[in-house]
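As provided, work-v1.cif (mmCIF, N, CA and C atoms) reads as follows.
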data_structure
loop_
_atom_site.label_atom_id
_atom_site.label_comp_id
_atom_site.auth_asym_id
_atom_site.auth_seq_id
_atom_site.Cartn_x
_atom_site.Cartn_y
_atom_site.Cartn_z
N MET N 50 35.21 79.71 114.99
CA MET N 50 35.61 81.09 115.13
C MET N 50 35.15 81.85 113.89
N THR N 51 34.23 82.75 114.13
CA THR N 51 33.68 83.51 113.01
C THR N 51 33.59 84.98 113.37
N ILE N 52 33.40 85.78 112.34
CA ILE N 52 33.21 87.22 112.48
C ILE N 52 31.71 87.48 112.53
N ASN N 53 31.27 88.31 113.46
CA ASN N 53 29.87 88.69 113.55
C ASN N 53 29.73 90.12 113.04
N PRO N 54 29.24 90.30 111.81
CA PRO N 54 29.14 91.65 111.26
C PRO N 54 28.12 92.53 111.99
N ARG N 55 27.26 91.94 112.80
CA ARG N 55 26.26 92.70 113.55
C ARG N 55 26.72 93.09 114.95
N SER N 56 27.89 92.65 115.31
CA SER N 56 28.44 92.96 116.64
C SER N 56 28.79 94.44 116.73
N HIS N 57 28.78 94.94 117.96
CA HIS N 57 29.21 96.33 118.19
C HIS N 57 30.72 96.44 118.11
N THR N 58 31.42 95.31 118.19
CA THR N 58 32.88 95.31 118.05
C THR N 58 33.22 95.37 116.57
N PRO N 59 34.05 96.32 116.16
CA PRO N 59 34.39 96.44 114.73
C PRO N 59 34.94 95.12 114.18
N VAL N 60 34.68 94.88 112.91
CA VAL N 60 35.09 93.65 112.25
C VAL N 60 36.59 93.45 112.34
N TYR N 61 37.37 94.52 112.14
CA TYR N 61 38.82 94.36 112.17
C TYR N 61 39.31 93.98 113.56
N VAL N 62 38.65 94.46 114.61
CA VAL N 62 39.03 94.09 115.98
C VAL N 62 38.70 92.62 116.22
N GLN N 63 37.55 92.18 115.72
CA GLN N 63 37.19 90.77 115.84
C GLN N 63 38.23 89.89 115.15
N LEU N 64 38.66 90.30 113.95
CA LEU N 64 39.66 89.51 113.23
C LEU N 64 40.97 89.48 114.01
N ALA N 65 41.39 90.62 114.53
CA ALA N 65 42.63 90.66 115.32
C ALA N 65 42.53 89.71 116.51
N GLU N 66 41.37 89.68 117.17
CA GLU N 66 41.18 88.78 118.31
C GLU N 66 41.25 87.32 117.87
N LEU N 67 40.67 87.00 116.71
CA LEU N 67 40.71 85.63 116.21
C LEU N 67 42.13 85.21 115.86
N VAL N 68 42.88 86.09 115.21
CA VAL N 68 44.27 85.78 114.87
C VAL N 68 45.10 85.63 116.14
N ARG N 69 44.90 86.52 117.11
CA ARG N 69 45.61 86.44 118.38
C ARG N 69 45.33 85.11 119.07
N ALA N 70 44.07 84.66 119.03
CA ALA N 70 43.71 83.38 119.63
C ALA N 70 44.42 82.23 118.92
N ARG N 71 44.55 82.30 117.60
CA ARG N 71 45.26 81.26 116.85
C ARG N 71 46.74 81.25 117.22
N ILE N 72 47.30 82.42 117.46
CA ILE N 72 48.71 82.50 117.88
C ILE N 72 48.88 81.88 119.26
N GLU N 73 48.00 82.27 120.20
CA GLU N 73 48.09 81.75 121.57
C GLU N 73 47.86 80.25 121.63
N ALA N 74 47.05 79.72 120.70
CA ALA N 74 46.79 78.28 120.67
C ALA N 74 47.93 77.50 120.01
N GLY N 75 48.91 78.22 119.43
CA GLY N 75 50.03 77.55 118.77
C GLY N 75 49.77 77.21 117.33
N GLU N 76 48.60 77.55 116.82
CA GLU N 76 48.27 77.28 115.42
C GLU N 76 49.14 78.12 114.48
N LEU N 77 49.49 79.32 114.93
CA LEU N 77 50.41 80.20 114.20
C LEU N 77 51.60 80.46 115.12
N PRO N 78 52.63 79.62 115.05
CA PRO N 78 53.76 79.75 115.98
C PRO N 78 54.67 80.94 115.62
N PRO N 79 55.46 81.41 116.57
CA PRO N 79 56.40 82.50 116.30
C PRO N 79 57.30 82.16 115.12
N GLY N 80 57.49 83.16 114.25
CA GLY N 80 58.33 82.99 113.07
C GLY N 80 57.56 82.53 111.85
N SER N 81 56.35 82.05 112.04
CA SER N 81 55.57 81.59 110.89
C SER N 81 54.91 82.76 110.18
N PRO N 82 54.67 82.62 108.88
CA PRO N 82 54.01 83.70 108.15
C PRO N 82 52.54 83.80 108.53
N LEU N 83 52.06 85.02 108.55
CA LEU N 83 50.63 85.27 108.72
C LEU N 83 49.97 84.97 107.38
N PRO N 84 48.80 84.35 107.36
CA PRO N 84 48.13 84.16 106.07
C PRO N 84 47.98 85.49 105.34
N SER N 85 47.97 85.44 104.03
CA SER N 85 47.89 86.67 103.24
C SER N 85 46.58 87.41 103.50
N GLU N 86 46.59 88.70 103.14
CA GLU N 86 45.38 89.51 103.30
C GLU N 86 44.21 88.89 102.55
N SER N 87 44.45 88.45 101.32
CA SER N 87 43.35 87.88 100.53
C SER N 87 42.85 86.57 101.16
N HIS N 88 43.78 85.76 101.69
CA HIS N 88 43.37 84.51 102.32
C HIS N 88 42.53 84.78 103.57
N LEU N 89 42.98 85.71 104.42
CA LEU N 89 42.22 86.04 105.63
C LEU N 89 40.86 86.61 105.27
N GLY N 90 40.82 87.47 104.25
CA GLY N 90 39.55 88.04 103.82
C GLY N 90 38.57 86.97 103.36
N GLN N 91 39.07 86.01 102.58
CA GLN N 91 38.21 84.92 102.10
C GLN N 91 37.80 84.00 103.24
N GLU N 92 38.76 83.67 104.11
CA GLU N 92 38.48 82.75 105.21
C GLU N 92 37.40 83.28 106.14
N TYR N 93 37.44 84.59 106.41
CA TYR N 93 36.49 85.17 107.36
C TYR N 93 35.38 85.98 106.70
N GLY N 94 35.38 86.06 105.37
CA GLY N 94 34.31 86.74 104.65
C GLY N 94 34.26 88.24 104.91
N ILE N 95 35.43 88.86 104.95
CA ILE N 95 35.49 90.31 105.18
C ILE N 95 36.35 90.97 104.12
N GLY N 96 36.26 92.29 104.03
CA GLY N 96 37.00 93.03 103.02
C GLY N 96 38.46 93.23 103.35
N ARG N 97 39.22 93.55 102.33
CA ARG N 97 40.66 93.74 102.47
C ARG N 97 41.01 94.88 103.43
N ASP N 98 40.21 95.96 103.42
CA ASP N 98 40.49 97.07 104.33
C ASP N 98 40.42 96.64 105.79
N ALA N 99 39.41 95.83 106.11
CA ALA N 99 39.28 95.33 107.49
C ALA N 99 40.46 94.43 107.86
N VAL N 100 40.90 93.61 106.90
CA VAL N 100 42.06 92.74 107.15
C VAL N 100 43.29 93.59 107.40
N ARG N 101 43.51 94.59 106.58
CA ARG N 101 44.68 95.47 106.76
C ARG N 101 44.64 96.18 108.11
N MET N 102 43.46 96.62 108.51
CA MET N 102 43.34 97.29 109.81
C MET N 102 43.63 96.31 110.96
N ALA N 103 43.19 95.06 110.82
CA ALA N 103 43.46 94.05 111.85
C ALA N 103 44.96 93.79 111.96
N ILE N 104 45.63 93.65 110.81
CA ILE N 104 47.07 93.42 110.81
C ILE N 104 47.79 94.62 111.40
N ALA N 105 47.35 95.83 111.06
CA ALA N 105 47.96 97.03 111.62
C ALA N 105 47.79 97.06 113.14
N LEU N 106 46.64 96.63 113.63
CA LEU N 106 46.41 96.58 115.08
C LEU N 106 47.36 95.59 115.73
N LEU N 107 47.49 94.40 115.15
CA LEU N 107 48.41 93.40 115.70
C LEU N 107 49.86 93.88 115.64
N ARG N 108 50.21 94.58 114.58
CA ARG N 108 51.56 95.13 114.45
C ARG N 108 51.80 96.19 115.53
N SER N 109 50.81 97.05 115.78
CA SER N 109 50.96 98.10 116.79
C SER N 109 51.09 97.51 118.19
N GLU N 110 50.60 96.30 118.39
CA GLU N 110 50.71 95.62 119.67
C GLU N 110 52.00 94.81 119.78
N GLY N 111 52.77 94.75 118.69
CA GLY N 111 54.01 93.98 118.70
C GLY N 111 53.81 92.49 118.53
N VAL N 112 52.63 92.07 118.05
CA VAL N 112 52.34 90.65 117.87
C VAL N 112 52.88 90.13 116.55
N VAL N 113 52.78 90.96 115.50
CA VAL N 113 53.29 90.58 114.19
C VAL N 113 54.24 91.64 113.67
N SER N 114 55.07 91.25 112.73
CA SER N 114 55.96 92.16 112.01
C SER N 114 55.59 92.09 110.55
N THR N 115 55.80 93.19 109.86
CA THR N 115 55.49 93.25 108.43
C THR N 115 56.67 93.85 107.69
N SER N 116 56.96 93.29 106.53
CA SER N 116 58.01 93.82 105.68
C SER N 116 57.45 93.93 104.27
N LYS N 117 57.63 95.10 103.67
CA LYS N 117 57.11 95.29 102.31
C LYS N 117 57.70 94.25 101.38
N GLY N 118 56.83 93.62 100.63
CA GLY N 118 57.26 92.61 99.68
C GLY N 118 57.43 91.23 100.28
N HIS N 119 57.39 91.12 101.62
CA HIS N 119 57.59 89.82 102.27
C HIS N 119 56.40 89.41 103.13
N GLY N 120 55.42 90.28 103.28
CA GLY N 120 54.24 89.94 104.06
C GLY N 120 54.45 90.14 105.55
N SER N 121 53.60 89.49 106.31
CA SER N 121 53.63 89.60 107.77
C SER N 121 53.90 88.23 108.38
N TRP N 122 54.50 88.23 109.55
CA TRP N 122 54.79 86.99 110.24
C TRP N 122 54.65 87.21 111.74
N ILE N 123 54.53 86.12 112.46
CA ILE N 123 54.36 86.17 113.90
C ILE N 123 55.73 86.46 114.53
N ARG N 124 55.76 87.48 115.39
CA ARG N 124 57.03 87.87 116.01
C ARG N 124 57.51 86.82 117.00
N GLU N 125 58.80 86.59 116.96
CA GLU N 125 59.45 85.78 118.00
C GLU N 125 59.47 86.63 119.27
N GLN N 126 59.26 86.02 120.39
CA GLN N 126 59.35 86.76 121.64
C GLN N 126 60.79 86.65 122.15
N PRO N 127 61.52 87.77 122.16
CA PRO N 127 62.93 87.71 122.54
C PRO N 127 63.11 87.38 124.02
N GLU N 128 64.31 86.88 124.32
CA GLU N 128 64.64 86.64 125.72
C GLU N 128 64.77 87.98 126.41
N ARG N 129 64.43 88.02 127.66
CA ARG N 129 64.46 89.27 128.42
C ARG N 129 65.66 89.30 129.36
N ALA N 130 66.40 90.39 129.28
CA ALA N 130 67.51 90.60 130.20
C ALA N 130 66.96 91.17 131.49
N LYS N 131 67.41 90.63 132.61
CA LYS N 131 66.96 91.15 133.91
C LYS N 131 67.79 92.38 134.26
N VAL N 132 67.08 93.46 134.56
CA VAL N 132 67.72 94.71 134.94
C VAL N 132 67.24 95.07 136.33
N GLU N 133 68.18 95.18 137.26
CA GLU N 133 67.83 95.49 138.63
C GLU N 133 67.72 97.00 138.82
N LEU N 134 66.60 97.43 139.37
CA LEU N 134 66.41 98.85 139.66
C LEU N 134 67.12 99.19 140.96
N ALA N 135 67.99 100.16 140.90
CA ALA N 135 68.69 100.60 142.11
C ALA N 135 67.70 101.35 143.00
N PRO N 136 67.91 101.34 144.31
CA PRO N 136 67.02 102.10 145.20
C PRO N 136 66.97 103.57 144.77
N GLY N 137 65.76 104.11 144.71
CA GLY N 137 65.58 105.50 144.32
C GLY N 137 65.44 105.72 142.83
N SER N 138 65.59 104.66 142.03
CA SER N 138 65.43 104.79 140.58
C SER N 138 63.95 104.82 140.22
N ALA N 139 63.67 105.40 139.07
CA ALA N 139 62.30 105.42 138.56
C ALA N 139 62.30 104.87 137.14
N ALA N 140 61.27 104.12 136.80
CA ALA N 140 61.14 103.55 135.47
C ALA N 140 59.83 104.04 134.84
N THR N 141 59.93 104.44 133.59
CA THR N 141 58.77 104.90 132.83
C THR N 141 58.73 104.13 131.51
N VAL N 142 57.54 103.70 131.15
CA VAL N 142 57.37 103.02 129.87
C VAL N 142 56.74 104.01 128.91
N ARG N 143 57.30 104.09 127.71
CA ARG N 143 56.79 105.01 126.69
C ARG N 143 57.09 104.44 125.32
N MET N 144 56.49 105.06 124.32
CA MET N 144 56.78 104.67 122.95
C MET N 144 58.07 105.35 122.52
N PRO N 145 58.89 104.66 121.73
CA PRO N 145 60.18 105.24 121.33
C PRO N 145 60.03 106.30 120.24
N SER N 146 61.03 107.17 120.18
CA SER N 146 61.10 108.11 119.07
C SER N 146 61.52 107.31 117.83
N SER N 147 61.39 107.92 116.67
CA SER N 147 61.80 107.21 115.45
C SER N 147 63.30 106.92 115.47
N ARG N 148 64.10 107.82 116.04
CA ARG N 148 65.54 107.60 116.16
C ARG N 148 65.82 106.40 117.06
N GLU N 149 65.15 106.35 118.21
CA GLU N 149 65.35 105.22 119.13
C GLU N 149 64.91 103.90 118.48
N ARG N 150 63.80 103.95 117.75
CA ARG N 150 63.31 102.74 117.07
C ARG N 150 64.37 102.22 116.09
N ARG N 151 64.98 103.14 115.33
CA ARG N 151 66.03 102.72 114.37
C ARG N 151 67.25 102.20 115.11
N GLU N 152 67.73 102.94 116.12
CA GLU N 152 68.95 102.56 116.82
C GLU N 152 68.82 101.22 117.53
N MET N 153 67.63 100.93 118.09
CA MET N 153 67.43 99.68 118.82
C MET N 153 66.81 98.60 117.94
N ASP N 154 66.53 98.94 116.66
CA ASP N 154 65.92 98.01 115.72
C ASP N 154 64.63 97.42 116.30
N LEU N 155 63.74 98.30 116.75
CA LEU N 155 62.49 97.89 117.38
C LEU N 155 61.38 97.77 116.35
N ASP N 156 60.57 96.76 116.51
CA ASP N 156 59.37 96.63 115.69
C ASP N 156 58.35 97.66 116.14
N GLU N 157 57.44 97.98 115.25
CA GLU N 157 56.34 98.89 115.58
C GLU N 157 55.54 98.30 116.74
N GLY N 158 55.14 99.14 117.66
CA GLY N 158 54.33 98.70 118.79
C GLY N 158 55.13 98.29 120.00
N VAL N 159 56.46 98.24 119.89
CA VAL N 159 57.29 97.84 121.03
C VAL N 159 57.70 99.10 121.80
N PRO N 160 57.34 99.17 123.08
CA PRO N 160 57.70 100.34 123.88
C PRO N 160 59.15 100.27 124.36
N VAL N 161 59.60 101.36 124.94
CA VAL N 161 60.91 101.39 125.60
C VAL N 161 60.67 101.66 127.08
N ILE N 162 61.66 101.28 127.87
CA ILE N 162 61.63 101.55 129.30
C ILE N 162 62.74 102.55 129.58
N GLU N 163 62.36 103.67 130.14
CA GLU N 163 63.32 104.72 130.48
C GLU N 163 63.58 104.64 131.98
N ILE N 164 64.83 104.36 132.34
CA ILE N 164 65.20 104.24 133.75
C ILE N 164 66.02 105.46 134.14
N ARG N 165 65.54 106.15 135.17
CA ARG N 165 66.22 107.36 135.67
C ARG N 165 66.78 107.04 137.06
N SER N 166 68.12 107.16 137.19
CA SER N 166 68.77 106.88 138.47
C SER N 166 68.57 108.07 139.40
N PRO N 167 68.83 107.88 140.70
CA PRO N 167 68.71 109.01 141.63
C PRO N 167 69.65 110.17 141.28
N GLU N 168 70.74 109.88 140.58
CA GLU N 168 71.69 110.92 140.18
C GLU N 168 71.23 111.66 138.92
N GLY N 169 70.16 111.18 138.28
CA GLY N 169 69.65 111.83 137.08
C GLY N 169 70.09 111.18 135.78
N ASP N 170 70.90 110.13 135.86
CA ASP N 170 71.31 109.42 134.64
C ASP N 170 70.10 108.70 134.05
N VAL N 171 70.01 108.69 132.73
CA VAL N 171 68.88 108.05 132.05
C VAL N 171 69.39 106.95 131.13
N LYS N 172 68.75 105.79 131.23
CA LYS N 172 69.06 104.66 130.36
C LYS N 172 67.75 104.25 129.69
N VAL N 173 67.78 104.06 128.37
CA VAL N 173 66.58 103.67 127.63
C VAL N 173 66.80 102.25 127.09
N LEU N 174 65.88 101.35 127.42
CA LEU N 174 66.00 99.94 127.06
C LEU N 174 64.78 99.47 126.29
N PRO N 175 64.93 98.50 125.39
CA PRO N 175 63.77 97.97 124.66
C PRO N 175 62.83 97.22 125.61
N GLY N 176 61.55 97.57 125.56
CA GLY N 176 60.58 96.99 126.46
C GLY N 176 60.33 95.51 126.28
N ASP N 177 60.52 95.00 125.06
CA ASP N 177 60.27 93.57 124.84
C ASP N 177 61.47 92.70 125.17
N GLN N 178 62.57 93.33 125.56
CA GLN N 178 63.78 92.57 125.87
C GLN N 178 64.25 92.81 127.29
N THR N 179 63.42 93.46 128.10
CA THR N 179 63.84 93.87 129.43
C THR N 179 62.85 93.42 130.48
N GLU N 180 63.37 92.86 131.55
CA GLU N 180 62.55 92.52 132.72
C GLU N 180 63.13 93.28 133.90
N LEU N 181 62.33 94.11 134.52
CA LEU N 181 62.79 94.88 135.66
C LEU N 181 62.61 94.06 136.94
N VAL N 182 63.63 94.09 137.77
CA VAL N 182 63.56 93.40 139.06
C VAL N 182 63.96 94.38 140.15
N ARG N 183 63.35 94.19 141.29
CA ARG N 183 63.70 95.05 142.44
C ARG N 183 64.62 94.27 143.37
N PRO N 184 65.53 94.98 144.01
CA PRO N 184 66.43 94.29 144.95
C PRO N 184 65.69 93.75 146.15
#
Reformat the file's structure so that it appears as structure tokens.
Amino acid sequence: MTINPRSHTPVYVQLAELVRARIEAGELPPGSPLPSESHLGQEYGIGRDAVRMAIALLRSEGVVSTSKGHGSWIREQPERAKVELAPGSAATVRMPSSRERREMDLDEGVPVIEIRSPEGDVKVLPGDQTELVRP
């Protein structure tokens, strides 16, 4: 697994794909730390800016979490609560507001599911913890 600097795919996207493949292969299991920026840069022969952009991409996808002073780690995939959609309900997936992100303690890149009942009631649920089912 190497980075091709001549590819039309940006270097940071290639790195994100390589890290994602390592996660899917179990080489980087949930809860484990992501190698440091300097380590990834040296391992793949790319600059720190590209590494940071790759980590930011993975964070925006909800694959990794980052904490200042503690580095980045592979996100645990939470269990999903089954939520049954009542007949006539509508569900919309969107990105949360900053208030919703704080209240639900959501990582960056995790969407919310907004469920609107036929009566107009709205319920907002974390997208990574919710599985919608139809009756």
N:Ala140, N:Leu106, N:Ile123, N:Tyr61 ranked by distance to Glu73 in chain N, top pick (using only C-alpha atoms)
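Distance minimum relative to Glu73 in chain N lands on N:Ile123.
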Which residues, written as a VMD selection string, have at least one atom at most 6.5 Å from Leu174 in chain N, with all atoms listed in the file counted and residues fewer than 5 positions away on the same chain left out?
chain N and resid 160 to 164 179
Could you jot down the atom N of Asp177 in chain N to CA of Ser81 in chain N separation for me, Å, one decimal place?
20.1 Å
Could you pull out the residues in range 71-182 of chain N that DSSP calls strand (DSSP E or B) from the backbone, as a compact mmCIF listing (two decimals) with N, CA and C atoms, in the coordinates of the input?
# COMPACT_ATOMS: atom_id res chain seq x y z
N PRO N 82 54.67 82.62 108.88
CA PRO N 82 54.01 83.70 108.15
C PRO N 82 52.54 83.80 108.53
N VAL N 113 52.78 90.96 115.50
CA VAL N 113 53.29 90.58 114.19
C VAL N 113 54.24 91.64 113.67
N SER N 114 55.07 91.25 112.73
CA SER N 114 55.96 92.16 112.01
C SER N 114 55.59 92.09 110.55
N THR N 115 55.80 93.19 109.86
CA THR N 115 55.49 93.25 108.43
C THR N 115 56.67 93.85 107.69
N SER N 116 56.96 93.29 106.53
CA SER N 116 58.01 93.82 105.68
C SER N 116 57.45 93.93 104.27
N GLY N 120 55.42 90.28 103.28
CA GLY N 120 54.24 89.94 104.06
C GLY N 120 54.45 90.14 105.55
N SER N 121 53.60 89.49 106.31
CA SER N 121 53.63 89.60 107.77
C SER N 121 53.90 88.23 108.38
N TRP N 122 54.50 88.23 109.55
CA TRP N 122 54.79 86.99 110.24
C TRP N 122 54.65 87.21 111.74
N ILE N 123 54.53 86.12 112.46
CA ILE N 123 54.36 86.17 113.90
C ILE N 123 55.73 86.46 114.53
N ALA N 130 66.40 90.39 129.28
CA ALA N 130 67.51 90.60 130.20
C ALA N 130 66.96 91.17 131.49
N LYS N 131 67.41 90.63 132.61
CA LYS N 131 66.96 91.15 133.91
C LYS N 131 67.79 92.38 134.26
N VAL N 132 67.08 93.46 134.56
CA VAL N 132 67.72 94.71 134.94
C VAL N 132 67.24 95.07 136.33
N GLU N 133 68.18 95.18 137.26
CA GLU N 133 67.83 95.49 138.63
C GLU N 133 67.72 97.00 138.82
N ALA N 139 63.67 105.40 139.07
CA ALA N 139 62.30 105.42 138.56
C ALA N 139 62.30 104.87 137.14
N ALA N 140 61.27 104.12 136.80
CA ALA N 140 61.14 103.55 135.47
C ALA N 140 59.83 104.04 134.84
N THR N 141 59.93 104.44 133.59
CA THR N 141 58.77 104.90 132.83
C THR N 141 58.73 104.13 131.51
N VAL N 142 57.54 103.70 131.15
CA VAL N 142 57.37 103.02 129.87
C VAL N 142 56.74 104.01 128.91
N ARG N 143 57.30 104.09 127.71
CA ARG N 143 56.79 105.01 126.69
C ARG N 143 57.09 104.44 125.32
N VAL N 161 59.60 101.36 124.94
CA VAL N 161 60.91 101.39 125.60
C VAL N 161 60.67 101.66 127.08
N ILE N 162 61.66 101.28 127.87
CA ILE N 162 61.63 101.55 129.30
C ILE N 162 62.74 102.55 129.58
N GLU N 163 62.36 103.67 130.14
CA GLU N 163 63.32 104.72 130.48
C GLU N 163 63.58 104.64 131.98
N ILE N 164 64.83 104.36 132.34
CA ILE N 164 65.20 104.24 133.75
C ILE N 164 66.02 105.46 134.14
N ARG N 165 65.54 106.15 135.17
CA ARG N 165 66.22 107.36 135.67
C ARG N 165 66.78 107.04 137.06
N VAL N 171 70.01 108.69 132.73
CA VAL N 171 68.88 108.05 132.05
C VAL N 171 69.39 106.95 131.13
N LYS N 172 68.75 105.79 131.23
CA LYS N 172 69.06 104.66 130.36
C LYS N 172 67.75 104.25 129.69
N VAL N 173 67.78 104.06 128.37
CA VAL N 173 66.58 103.67 127.63
C VAL N 173 66.80 102.25 127.09
N LEU N 174 65.88 101.35 127.42
CA LEU N 174 66.00 99.94 127.06
C LEU N 174 64.78 99.47 126.29
N PRO N 175 64.93 98.50 125.39
CA PRO N 175 63.77 97.97 124.66
C PRO N 175 62.83 97.22 125.61
N THR N 179 63.42 93.46 128.10
CA THR N 179 63.84 93.87 129.43
C THR N 179 62.85 93.42 130.48
N GLU N 180 63.37 92.86 131.55
CA GLU N 180 62.55 92.52 132.72
C GLU N 180 63.13 93.28 133.90
N LEU N 181 62.33 94.11 134.52
CA LEU N 181 62.79 94.88 135.66
C LEU N 181 62.61 94.06 136.94
N VAL N 182 63.63 94.09 137.77
CA VAL N 182 63.56 93.40 139.06
C VAL N 182 63.96 94.38 140.15
Calculated over all atoms listed in the file, which of the candidates N:Ser85, N:Val171, N:Gly75, N:Ala65 has the smallest distance to Gly120 in chain N?
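Checking each candidate against Gly120 in chain N, we get N:Ser85 as the closest.
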Once the PyMOL selection byres ((chain N and resi 122) around 6.5) has been evaluated on this model, what residues remain selected, and can you format them as a list of chain:residue names?
N:Gly80, N:Ser81, N:Pro82, N:Leu83, N:Val112, N:Val113, N:Ser114, N:Thr115, N:Ser116, N:Gly120, N:Ser121, N:Ile123, N:Arg124
Output check: residues returned by the PyMOL selection byres (((chain N and resi 127 and name CA) around 6) and name CA), as a list in words
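Applying the expression gives Gln126, Glu128 and Gln178 of chain N.
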Can you pull out the residues contacting Leu64 in chain N? Cut-off 6.5 Å, using all atoms listed in the file, and skip same-chain residues under 5 positions away; I want them as a PyMOL selection string.
chain N and resi 52+59+69+103
Can you list, as a ChimeraX atom specification, every protein, DNA or RNA residue that comes within 7 Å of range 86-98 of chain N when you count only C-alpha atoms, leaving out same-chain residues fewer than 3 positions away?
/N:51-52,101-102
